[in-house]
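Just below is one structure, and these are the notes that go with it.
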Amino acid sequence: MYFNHHAAGQILRLIHDKVGILMLFFFVAHIALHWRWIVFTTKKFVWKAEKN
C-alpha cells in the first residue's frame with residue numbers, strides 16, 4: 001500500500017504517502033458534502049426504473 005521503497009528517496013516516499021492520505025480525506029469530505037445530491041439522484045434513477 002505504500003510507495004516502493006527502492007524506487008525513490010525518503011522524501012519522495014513521504015510526499016507520496018502524505019498526498020495519498022490527503023486525497024483520501026478530500027474524497028471523503030467531497031462525498032459527505034454532496035451526500036444529499038447523491039441520495040436524491042439515486043432515488044430518481046431507482047424511481048424511474050421502477051416506473052418502467
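Every chain in the C-alpha cells has a letter given in the order shown (A, B, ...), and although residue numbers restart at 1 in each chain, ligands are simply numbered from 1 in the order shown.
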(request) Would you please extract all alpha helix (DSSP H) residues from chain A, as assigned by DSSP on the backbone, and give them as a PyMOL selection string? (result) chain A and resi 10-33+35-51
(request) Would you work out the distance separating CA of Lys43 in chain A from CA of His30 in chain A, expressed in Å to one decimal? (result) 19.5 Å
(request) Take CA of Gly9 in chain A and CA of Leu24 in chain A and report the distance between them in Å, one decimal. (result) 22.9 Å
(request) For CA of Ile31 in chain A and CA of Leu12 in chain A, determine how far apart the two atoms are, in Å to one decimal place. (result) 28.4 Å
